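Following: one structure in structure tokens, then a few remarks.
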Amino acid sequence: MSTRRPDPLAQVSDFEIRLLRIFRSVVDCGGFSAAESVLGIGRSAISLHMSDLEQRLGLRLCQRGRAGFALTDEGREVYQSAQQLLGALETFRSEVNGLHRNLRGELNIGLTDNLVTLPYMRITNALAQLKALGPDVRINIRMTPPSEVEQGVLGGSLQVGVVPQAGSLSGLDYLHLYHERSLLYCAVGHPLFYVDDAQLEDARLNDQDAIAPTFRLPAEAQACYQALNCTASASDREGMAFLILTGRYIGYLPDHYAEVWLKEGRLRALKPASRHYDLSLAAVTRKGRRPNLVLESFLAALATTR
């Protein structure tokens, strides 16, 4: 009973692909000597590579000697197969590089409100870079409270989000983007609007109706709210602005967001030297996420944009 010999080439490694490239160049040049300048290696090295390839394939590929270079029948078939393989590899490389040049797909990003007034427009500039890299990319922005942004990223409905960082949730990666300062404000019509800070006692300030956020904040920021008489709440900063602008409440707002009303004379900051807190704003992505060229391109732009 005869037994079938195992195939001499169990798999094609990078080394075999390199040897096949050398073989193709030798055939295209018509011999070892002519291939020396093309390959940049000597004739003896080419001969060793060819012998190694023949041993790995278990086939005699060519005749070489005084009669000159000539392919065997097996060598001609291997040459044709090598052409197909190397051509397929080149097509694969070109198509993958094309994906980098012409991104396709969607970016689903969740943002907490009122980031567009930040003086350093990192998110805006990164989105512009992404659109330049991939004109066909569809960008979907969802404005939502910070807790919902983080849950959306964890659940997969969002690929990336930008939120005030109030401690790290397990399962999320955080990339710092901005520092943001919030000041305590009141509006025209509020009893404290025209009271000089030097005459404004902390007890009187703490007794005013104030607004508390319902989203997560670091301990330093929470302490600022605990000192106030919070009789109203809001899920986002825009809701807080609505209530402050009634002239009936005081509350904290990011200074860049309040600036337009401050210039119009509709808001004033109360004791800004002592009544403030700072936040770190971060981009969040899910740990262990699947590779995604659109998302990775956006994150790379975000990391380098100022």
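Going through the structure tokens in order, the chains are called A, B, and so on, while each chain numbers its residues from 1 and the ligands are numbered from 1 in the order shown.
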
- Would you give me, as a ChimeraX atom specification, the residues in stretch 100-191 of chain A that DSSP reads as helix (DSSP H, G or I)? /A:100-101,122-133,146-155

- Task: Can you pull out every residue within 12 Å of A:Gln55, counting only C-alpha atoms, but drop anything in the same chain fewer than 4 positions away, and send it as an MDAnalysis selection string?
- Result: chainID A and resid 8:9 16 19 48:51 59:61

- Task: Could you give me, as a VMD selection string, the residues within 7 Å of A:Asp236, counting only C-alpha atoms and dropping anything in the same chain fewer than 3 positions from it?
- Result: chain A and resid 113 145 213 239 to 240

Go through stretch 138-234 of chain A and flag each residue having an atom no more than 10 Å from stretch 249-272 of chain A; for those, report the closest pair of atoms plus their distance in Å to one decimal, using only C-alpha atoms, ordered by chain and rising number, as a tab-separated table.
```
residue	atom	partner	partner_atom	distance
A:Glu180	CA	A:Pro254	CA	6.6
A:Arg181	CA	A:Pro254	CA	5.7
A:Ser182	CA	A:Pro254	CA	4.0
A:Leu183	CA	A:Tyr252	CA	5.2
A:Leu184	CA	A:Tyr252	CA	4.3
A:Tyr185	CA	A:Ala269	CA	4.5
A:Cys186	CA	A:Ile250	CA	4.8
A:Ala187	CA	A:Leu267	CA	4.4
A:Val188	CA	A:Arg266	CA	5.4
A:Gly189	CA	A:Arg266	CA	9.1
A:His190	CA	A:Tyr249	CA	7.4
A:Pro191	CA	A:Tyr249	CA	9.8
A:Leu192	CA	A:Leu270	CA	8.4
A:Phe193	CA	A:Arg268	CA	6.7
A:Tyr194	CA	A:Arg268	CA	8.8
A:Val195	CA	A:Leu270	CA	9.1
A:Asp196	CA	A:Leu270	CA	8.9
A:Asp197	CA	A:Lys271	CA	5.6
A:Ala198	CA	A:Lys271	CA	8.3
A:Leu200	CA	A:Lys271	CA	8.1
A:Glu201	CA	A:Lys271	CA	9.8
A:Asp202	CA	A:Lys271	CA	9.3
A:Leu205	CA	A:Leu270	CA	8.6
A:Asn206	CA	A:Ile250	CA	9.6
A:Gln208	CA	A:Ile250	CA	7.0
A:Asp209	CA	A:Tyr249	CA	5.1
A:Ala210	CA	A:Ile250	CA	4.7
A:Ile211	CA	A:Gly251	CA	5.3
A:Ala212	CA	A:Gly251	CA	7.5
A:Pro213	CA	A:Tyr252	CA	9.2
A:Ala221	CA	A:Tyr252	CA	9.7
A:Cys224	CA	A:Tyr252	CA	9.1
A:Tyr225	CA	A:Tyr252	CA	8.6
A:Leu228	CA	A:Gly251	CA	9.0
A:Asn229	CA	A:Ile250	CA	9.5
A:Cys230	CA	A:Gly251	CA	8.9
A:Thr231	CA	A:Tyr249	CA	8.9
A:Ala232	CA	A:Tyr249	CA	8.5
A:Ser233	CA	A:Gly251	CA	9.9
```

- Task: Using atom CA of A:Leu245 and atom CA of A:Asp207 as the two end points, give the distance in Å to one decimal.
- Result: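 Value for the atom CA of A:Leu245-atom CA of A:Asp207 distance: 18.3 Å.
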
- Selected residue of minimal separation from A:Gly161 among A:Ala234, A:Val137, A:Leu115, A:Leu85, counting only C-alpha atoms: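 Closest residue, counting only C-alpha atoms: A:Leu115.
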
- Task: State, in Å with one decimal place, the distance from atom CA of A:Gln159 to atom CA of A:Arg286.
- Result: 7.6 Å

- Task: Find, counting only C-alpha atoms, the residue in A:Leu53, A:Ile17, A:Ile244, A:Leu107 that gets nearest to A:Gly134.
- Result: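 Smallest separation from A:Gly134 among the options: A:Leu107.
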
- Task: Report the distance between atom CA of A:Leu103 and atom CA of A:Leu130 in Å, rounded to one decimal place.
- Result: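 Atom-to-atom, atom CA of A:Leu103 to atom CA of A:Leu130, that is 8.6 Å.
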
- Rank nothing, just name the residue among A:Ser274, A:Thr117, A:Thr124, A:Asn108 nearest to A:Leu158, using only C-alpha atoms.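 The shortest atom-to-atom distance to A:Leu158 comes from A:Asn108.
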